[in-house]
$ cat query_9.cif   # mmCIF, C-alpha atoms
data_coords
loop_
_atom_site.group_PDB
_atom_site.id
_atom_site.type_symbol
_atom_site.label_atom_id
_atom_site.label_comp_id
_atom_site.auth_asym_id
_atom_site.auth_seq_id
_atom_site.Cartn_x
_atom_site.Cartn_y
_atom_site.Cartn_z
ATOM 1 C CA MET U 1018 -20.713 1.656 -14.908
ATOM 2 C CA ALA U 1019 -24.300 1.036 -13.876
ATOM 3 C CA ALA U 1020 -25.567 2.682 -10.713
ATOM 4 C CA ASP U 1021 -26.314 -0.705 -9.138
ATOM 5 C CA SER U 1022 -22.694 -1.838 -9.498
ATOM 6 C CA ALA U 1023 -21.025 0.957 -7.561
ATOM 7 C CA PRO U 1024 -17.389 0.178 -6.791
ATOM 8 C CA ILE U 1025 -16.692 -1.311 -3.379
ATOM 9 C CA ASN U 1026 -13.993 0.179 -1.184
ATOM 10 C CA LEU U 1027 -12.405 -2.326 1.173
ATOM 11 C CA THR U 1028 -9.840 0.046 2.683
ATOM 12 C CA HIS U 1029 -9.541 -0.678 6.436
ATOM 13 C CA HIS U 1030 -11.224 -4.074 5.998
ATOM 14 C CA PHE U 1031 -9.974 -7.610 6.502
ATOM 15 C CA LEU U 1032 -9.937 -10.115 3.676
ATOM 16 C CA ILE U 1033 -10.363 -13.570 5.180
ATOM 17 C CA ALA U 1034 -9.363 -16.505 3.024
ATOM 18 C CA MET U 1035 -12.120 -19.035 2.416
ATOM 19 C CA PRO U 1036 -11.194 -22.571 3.566
ATOM 20 C CA GLY U 1037 -11.018 -23.721 -0.075
ATOM 21 C CA LEU U 1038 -8.188 -21.265 -0.862
ATOM 22 C CA SER U 1039 -5.157 -23.545 -0.859
ATOM 23 C CA ASP U 1040 -2.464 -21.080 -1.913
ATOM 24 C CA GLU U 1041 0.662 -21.446 0.261
ATOM 25 C CA LEU U 1042 0.765 -17.819 1.370
ATOM 26 C CA PHE U 1043 -2.913 -16.931 1.228
ATOM 27 C CA GLY U 1044 -4.440 -20.163 2.598
ATOM 28 C CA ARG U 1045 -6.041 -19.410 6.025
ATOM 29 C CA SER U 1046 -4.766 -15.853 5.757
ATOM 30 C CA VAL U 1047 -6.156 -12.586 7.054
ATOM 31 C CA VAL U 1048 -5.179 -9.550 4.983
ATOM 32 C CA PHE U 1049 -5.523 -6.006 6.272
ATOM 33 C CA MET U 1050 -6.454 -3.755 3.350
ATOM 34 C CA CYS U 1051 -4.385 -0.567 3.395
ATOM 35 C CA GLU U 1052 -5.754 0.819 0.152
ATOM 36 C CA HIS U 1053 -8.481 -0.113 -2.323
ATOM 37 C CA SER U 1054 -9.600 1.914 -5.308
ATOM 38 C CA GLU U 1055 -10.691 1.404 -8.896
ATOM 39 C CA ARG U 1056 -6.970 1.084 -9.778
ATOM 40 C CA GLY U 1057 -6.435 -1.927 -7.532
ATOM 41 C CA ALA U 1058 -5.743 -2.921 -3.938
ATOM 42 C CA LEU U 1059 -2.866 -3.192 -1.488
ATOM 43 C CA GLY U 1060 -2.834 -5.103 1.787
ATOM 44 C CA LEU U 1061 -0.687 -6.878 4.367
ATOM 45 C CA VAL U 1062 -1.137 -10.480 5.517
ATOM 46 C CA ILE U 1063 -1.336 -10.168 9.318
ATOM 47 C CA ASN U 1064 -1.156 -13.808 10.402
ATOM 48 C CA LYS U 1065 1.863 -15.326 8.624
ATOM 49 C CA PRO U 1066 4.976 -14.676 10.729
ATOM 50 C CA SER U 1067 8.417 -15.279 9.257
ATOM 51 C CA ASP U 1068 11.217 -16.856 11.286
ATOM 52 C CA ILE U 1069 12.858 -13.426 11.734
ATOM 53 C CA LEU U 1070 12.308 -11.421 14.918
ATOM 54 C CA LEU U 1071 12.358 -7.604 14.863
ATOM 55 C CA PRO U 1072 15.825 -7.210 16.475
ATOM 56 C CA ARG U 1073 17.349 -9.232 13.602
ATOM 57 C CA LEU U 1074 15.600 -7.078 10.986
ATOM 58 C CA PHE U 1075 16.918 -3.950 12.689
ATOM 59 C CA GLU U 1076 20.460 -5.392 12.631
ATOM 60 C CA LYS U 1077 20.141 -5.907 8.868
ATOM 61 C CA VAL U 1078 19.568 -2.156 8.427
ATOM 62 C CA ASP U 1079 22.370 -1.221 10.872
ATOM 63 C CA LEU U 1080 20.076 -0.275 13.738
ATOM 64 C CA GLN U 1081 19.766 -1.636 17.253
ATOM 65 C CA LEU U 1082 16.288 -2.007 18.704
ATOM 66 C CA HIS U 1083 15.825 -0.559 22.208
ATOM 67 C CA ARG U 1084 12.132 -1.293 22.719
ATOM 68 C CA GLU U 1085 11.715 -4.182 25.165
ATOM 69 C CA ASP U 1086 8.070 -4.609 24.137
ATOM 70 C CA LEU U 1087 9.149 -5.433 20.558
ATOM 71 C CA MET U 1088 12.058 -7.826 21.191
ATOM 72 C CA GLU U 1089 10.037 -11.006 20.655
ATOM 73 C CA GLN U 1090 7.788 -9.688 17.893
ATOM 74 C CA PRO U 1091 8.137 -11.503 14.565
ATOM 75 C CA VAL U 1092 8.479 -9.889 11.179
ATOM 76 C CA PHE U 1093 5.528 -10.996 9.049
ATOM 77 C CA GLN U 1094 5.242 -12.165 5.454
ATOM 78 C CA GLY U 1095 3.011 -9.374 4.222
ATOM 79 C CA GLY U 1096 2.663 -10.759 0.731
ATOM 80 C CA PRO U 1097 4.557 -11.853 -2.359
ATOM 81 C CA VAL U 1098 5.404 -8.369 -3.722
ATOM 82 C CA GLN U 1099 8.697 -6.613 -2.800
ATOM 83 C CA THR U 1100 9.580 -9.200 -0.161
ATOM 84 C CA GLU U 1101 12.938 -7.511 0.475
ATOM 85 C CA ARG U 1102 11.235 -4.274 1.533
ATOM 86 C CA GLY U 1103 9.829 -3.448 4.955
ATOM 87 C CA PHE U 1104 6.323 -2.176 5.617
ATOM 88 C CA VAL U 1105 5.424 -0.826 9.052
ATOM 89 C CA LEU U 1106 1.740 -0.663 9.959
ATOM 90 C CA HIS U 1107 1.194 1.513 13.021
ATOM 91 C CA GLU U 1108 -1.190 3.768 14.833
ATOM 92 C CA ALA U 1109 -1.368 7.238 13.329
ATOM 93 C CA VAL U 1110 1.235 9.560 14.794
ATOM 94 C CA GLY U 1111 0.547 12.393 12.377
ATOM 95 C CA GLY U 1112 1.875 15.858 12.836
ATOM 96 C CA GLY U 1113 -1.504 17.365 12.033
ATOM 97 C CA ALA U 1114 -4.273 17.127 9.484
ATOM 98 C CA ASP U 1115 -3.339 14.330 7.095
ATOM 99 C CA GLU U 1116 0.408 14.640 7.533
ATOM 100 C CA SER U 1117 2.648 12.006 9.035
ATOM 101 C CA VAL U 1118 5.870 12.588 10.904
ATOM 102 C CA TYR U 1119 7.605 10.032 8.653
ATOM 103 C CA ALA U 1120 8.937 10.563 5.132
ATOM 104 C CA SER U 1121 6.959 7.917 3.259
ATOM 105 C CA THR U 1122 3.616 7.144 4.863
ATOM 106 C CA LEU U 1123 0.210 6.112 3.574
ATOM 107 C CA SER U 1124 -2.570 7.400 5.829
ATOM 108 C CA ILE U 1125 -5.326 4.795 6.146
ATOM 109 C CA PRO U 1126 -8.845 5.889 7.139
ATOM 110 C CA GLY U 1127 -9.595 4.419 10.562
ATOM 111 C CA GLY U 1128 -6.536 5.649 12.433
ATOM 112 C CA LEU U 1129 -3.645 3.632 10.999
ATOM 113 C CA GLU U 1130 -0.659 4.480 8.815
ATOM 114 C CA MET U 1131 1.675 2.331 6.734
ATOM 115 C CA THR U 1132 5.224 3.646 6.571
ATOM 116 C CA THR U 1133 7.946 2.398 4.243
ATOM 117 C CA SER U 1134 10.720 4.868 5.072
ATOM 118 C CA LYS U 1135 13.597 3.988 7.393
ATOM 119 C CA ASP U 1136 12.856 6.902 9.732
ATOM 120 C CA VAL U 1137 10.087 4.947 11.480
ATOM 121 C CA LEU U 1138 12.602 2.165 12.233
ATOM 122 C CA GLU U 1139 15.064 4.764 13.506
ATOM 123 C CA ALA U 1140 12.379 6.130 15.854
ATOM 124 C CA LEU U 1141 11.616 2.621 17.129
ATOM 125 C CA ALA U 1142 15.329 1.847 17.518
ATOM 126 C CA SER U 1143 15.755 4.896 19.752
ATOM 127 C CA GLY U 1144 12.973 3.637 22.020
ATOM 128 C CA ALA U 1145 10.339 6.005 20.624
ATOM 129 C CA GLY U 1146 8.039 5.694 17.618
ATOM 130 C CA PRO U 1147 4.462 4.443 17.474
ATOM 131 C CA ARG U 1148 3.313 2.402 20.481
ATOM 132 C CA ARG U 1149 1.748 -0.419 18.471
ATOM 133 C CA VAL U 1150 3.502 -1.622 15.328
ATOM 134 C CA PHE U 1151 3.213 -4.480 12.861
ATOM 135 C CA VAL U 1152 6.213 -5.039 10.564
ATOM 136 C CA SER U 1153 6.166 -7.091 7.387
ATOM 137 C CA LEU U 1154 8.453 -7.846 4.512
ATOM 138 C CA GLY U 1155 6.494 -7.630 1.297
ATOM 139 C CA TYR U 1156 2.901 -6.769 0.590
ATOM 140 C CA SER U 1157 -0.085 -8.145 -1.286
ATOM 141 C CA SER U 1158 -1.537 -6.377 -4.293
ATOM 142 C CA TRP U 1159 -4.299 -6.830 -6.801
ATOM 143 C CA GLY U 1160 -4.663 -5.121 -10.165
ATOM 144 C CA GLN U 1161 -7.741 -3.308 -11.359
ATOM 145 C CA GLY U 1162 -10.812 -5.533 -10.839
ATOM 146 C CA GLN U 1163 -8.725 -8.537 -9.726
ATOM 147 C CA LEU U 1164 -9.753 -8.496 -6.066
ATOM 148 C CA GLU U 1165 -13.407 -7.998 -6.971
ATOM 149 C CA SER U 1166 -13.163 -11.072 -9.226
ATOM 150 C CA GLU U 1167 -11.583 -13.161 -6.461
ATOM 151 C CA ILE U 1168 -14.347 -12.115 -4.054
ATOM 152 C CA ALA U 1169 -16.979 -13.019 -6.649
ATOM 153 C CA GLU U 1170 -15.303 -16.450 -6.985
ATOM 154 C CA ASN U 1171 -15.682 -17.055 -3.220
ATOM 155 C CA SER U 1172 -11.958 -16.836 -2.465
ATOM 156 C CA TRP U 1173 -12.369 -14.166 0.220
ATOM 157 C CA LEU U 1174 -14.774 -12.980 2.886
ATOM 158 C CA THR U 1175 -14.652 -9.316 3.887
ATOM 159 C CA VAL U 1176 -15.360 -7.589 7.173
ATOM 160 C CA PRO U 1177 -14.523 -4.134 8.577
ATOM 161 C CA ALA U 1178 -11.163 -4.335 10.327
ATOM 162 C CA ASP U 1179 -10.737 -4.493 14.082
ATOM 163 C CA VAL U 1180 -7.378 -2.836 14.795
ATOM 164 C CA ASP U 1181 -6.957 -4.733 18.070
ATOM 165 C CA LEU U 1182 -6.878 -7.985 16.114
ATOM 166 C CA ILE U 1183 -3.737 -6.782 14.277
ATOM 167 C CA PHE U 1184 -1.814 -5.708 17.365
ATOM 168 C CA ASP U 1185 -3.197 -7.543 20.391
ATOM 169 C CA VAL U 1186 -4.489 -10.974 19.322
ATOM 170 C CA PRO U 1187 -1.985 -13.863 19.301
ATOM 171 C CA VAL U 1188 -0.976 -14.777 15.740
ATOM 172 C CA ALA U 1189 -2.355 -18.320 15.982
ATOM 173 C CA ASP U 1190 -5.818 -16.953 16.851
ATOM 174 C CA ARG U 1191 -6.104 -14.212 14.213
ATOM 175 C CA TYR U 1192 -7.829 -16.308 11.527
ATOM 176 C CA THR U 1193 -10.574 -17.649 13.818
ATOM 177 C CA ARG U 1194 -10.985 -14.261 15.532
ATOM 178 C CA ALA U 1195 -11.390 -12.587 12.121
ATOM 179 C CA LEU U 1196 -14.076 -15.154 11.229
ATOM 180 C CA ALA U 1197 -15.759 -14.420 14.558
ATOM 181 C CA LEU U 1198 -16.164 -10.796 13.427
ATOM 182 C CA LEU U 1199 -18.593 -12.258 10.872
ATOM 183 C CA GLY U 1200 -20.342 -14.369 13.504
ATOM 184 C CA LEU U 1201 -18.607 -17.562 12.379
ATOM 185 C CA GLN U 1202 -17.121 -19.586 15.204
ATOM 186 C CA GLN U 1203 -15.100 -22.101 13.173
ATOM 187 C CA PRO U 1204 -13.801 -22.382 9.578
ATOM 188 C CA TRP U 1205 -15.832 -25.572 9.050
ATOM 189 C CA MET U 1206 -18.993 -23.458 9.266
ATOM 190 C CA LEU U 1207 -18.127 -22.166 5.798
ATOM 191 C CA SER U 1208 -18.935 -24.262 2.794
ATOM 192 C CA PRO U 1209 -16.438 -23.811 -0.039
ATOM 193 C CA ASP U 1210 -19.420 -24.233 -2.360
ATOM 194 C CA ALA U 1211 -21.397 -21.282 -0.979
ATOM 195 C CA GLY U 1212 -23.367 -19.450 -3.597
ATOM 196 C CA HIS U 1213 -24.317 -15.832 -4.001
ATOM 197 C CA ALA U 1214 -27.765 -14.375 -3.477
#

$ encode --input "query_9.cif" --output "structure tokens"
Amino acid sequence: MAADSAPINLTHHFLIAMPGLSDELFGRSVVFMCEHSERGALGLVINKPSDILLPRLFEKVDLQLHREDLMEQPVFQGGPVQTERGFVLHEAVGGGADESVYASTLSIPGGLEMTTSKDVLEALASGAGPRRVFVSLGYSSWGQGQLESEIAENSWLTVPADVDLIFDVPVADRYTRALALLGLQQPWMLSPDAGHA
């Protein structure tokens, strides 16, 4: 690989769908990138809620949710891969240097973790667990070089992630707020025919 084409690392970034992306799941989507390396990329769509609320998801795994602050929170459609499996994005609650308190957790630079083990749900059900959580069914993934190709084809914009946008911004506002991180006030300000310098 030439020195001028160093690999990009979009971990802890948002992918923002260009207006011309008409895919049913990815159109007008904002994807939080949990991991990105030369092997590929993994992320969660943060602005496509399902019709399931968290208490119903907990019932499906024989747990009862006791966190009032989460009772009205939707479960999101994180992507088209493993849609029967839960992914919990949360603030880091690690037990020390690079170790989580949960069995199966990916530590994400920037202060977040993504946990796939049931123990995080058990902690939330008991009224404990991470303060801010985002729960999805399924995730989004790209094979080696695939995401880079899609970016080169003007399918996605990228911007460093703002964690507050994931947890605190109303779902309906997440796409325009993500664009605002780039200084764009409205989607129409983007031309689907934009070229590259």

$ atom_distance --input "query_9.cif" --atom1 "atom CA of U:Lys1077" --atom2 "atom CA of U:Glu1101"
11.2 Å

$ residues_around --input "query_9.cif" --residues "stretch 1186-1189 of chain U" --least-positions-apart "4" --cutoff "7 Å" --atoms "all atoms listed in the file" --output "list in words"
Asn1064, Asp1181 and Leu1182 of chain U

$ atom_distance --input "query_9.cif" --atom1 "atom CA of U:Leu1198" --atom2 "atom CA of U:Ile1069"
29.2 Å

$ residues_around --input "query_9.cif" --residues "U:Arg1073" --least-positions-apart "4" --cutoff "10 Å" --atoms "only C-alpha atoms" --output "PyMOL selection string"
chain U and resi 1069+1077-1082+1088+1091-1092

$ closest_residue --input "query_9.cif" --among "U:Ala1140, U:Leu1061, U:Ala1145, U:Val1047" --to "U:Thr1100" --atoms "all atoms listed in the file"
U:Leu1061

$ resolve_selection --input "query_9.cif" --expression "the PyMOL selection byres ((chain U and resi 1030) around 9)" --output "VMD selection string"
chain U and resid 1026 to 1029 1031 to 1032 1048 to 1051 1175 to 1179

$ axis_aligned_box --input "query_9.cif" --around "stretch 1061-1070 of chain U" --padding-each-side "3 Å" --output "lines of an AutoDock Vina configuration file"
center_x = 5.8
center_y = -11.9
center_z = 9.6
size_x = 20.2
size_y = 16.0
size_z = 16.6

$ residues_around --input "query_9.cif" --residues "U:Asp1068" --least-positions-apart "4" --cutoff "12 Å" --atoms "only C-alpha atoms" --output "number ranges by chain"
U: 1072-1074, 1089-1094, 1153-1154

$ closest_residue --input "query_9.cif" --among "U:Pro1097, U:Glu1052, U:Glu1170, U:Asp1185" --to "U:Glu1130" --atoms "all atoms listed in the file"
U:Glu1052

$ atom_distance --input "query_9.cif" --atom1 "atom CA of U:Met1131" --atom2 "atom CA of U:Ala1109"
8.8 Å

$ closest_residue --input "query_9.cif" --among "U:Gln1099, U:Thr1132, U:Ser1046, U:Ser1166" --to "U:Arg1194" --atoms "all atoms listed in the file"
U:Ser1046

$ resolve_selection --input "query_9.cif" --expression "the PyMOL selection byres ((chain U and resi 1106) around 7)" --output "list in words"
Phe1104, Val1105, His1107, Leu1129, Glu1130, Met1131, Thr1132, Val1150, Phe1151 and Val1152 of chain U

$ residues_around --input "query_9.cif" --residues "U:Leu1141" --least-positions-apart "2" --cutoff "10 Å" --atoms "all atoms listed in the file" --output "PDB file with C-alpha atoms, keeping the file's coordinate frame"
ATOM      1  CA  PHE U1075      16.918  -3.950  12.689  1.00  0.00           C
ATOM      2  CA  LEU U1080      20.076  -0.275  13.738  1.00  0.00           C
ATOM      3  CA  GLN U1081      19.766  -1.636  17.253  1.00  0.00           C
ATOM      4  CA  LEU U1082      16.288  -2.007  18.704  1.00  0.00           C
ATOM      5  CA  HIS U1083      15.825  -0.559  22.208  1.00  0.00           C
ATOM      6  CA  ARG U1084      12.132  -1.293  22.719  1.00  0.00           C
ATOM      7  CA  LEU U1087       9.149  -5.433  20.558  1.00  0.00           C
ATOM      8  CA  ASP U1136      12.856   6.902   9.732  1.00  0.00           C
ATOM      9  CA  VAL U1137      10.087   4.947  11.480  1.00  0.00           C
ATOM     10  CA  LEU U1138      12.602   2.165  12.233  1.00  0.00           C
ATOM     11  CA  GLU U1139      15.064   4.764  13.506  1.00  0.00           C
ATOM     12  CA  SER U1143      15.755   4.896  19.752  1.00  0.00           C
ATOM     13  CA  GLY U1144      12.973   3.637  22.020  1.00  0.00           C
ATOM     14  CA  ALA U1145      10.339   6.005  20.624  1.00  0.00           C
ATOM     15  CA  GLY U1146       8.039   5.694  17.618  1.00  0.00           C
ATOM     16  CA  PRO U1147       4.462   4.443  17.474  1.00  0.00           C
ATOM     17  CA  ARG U1148       3.313   2.402  20.481  1.00  0.00           C
ATOM     18  CA  VAL U1150       3.502  -1.622  15.328  1.00  0.00           C
TER      19      VAL U1150
END

$ closest_residue --input "query_9.cif" --among "U:Ala1034, U:Leu1070, U:Ile1025, U:Leu1042" --to "U:Thr1193" --atoms "all atoms listed in the file"
U:Ala1034

$ closest_residue --input "query_9.cif" --among "U:Leu1174, U:Ala1142, U:Pro1066, U:Glu1167" --to "U:Leu1201" --atoms "all atoms listed in the file"
U:Leu1174

$ closest_residue --input "query_9.cif" --among "U:Phe1043, U:Phe1184, U:Trp1173, U:Tyr1192" --to "U:Arg1149" --atoms "only C-alpha atoms"
U:Phe1184
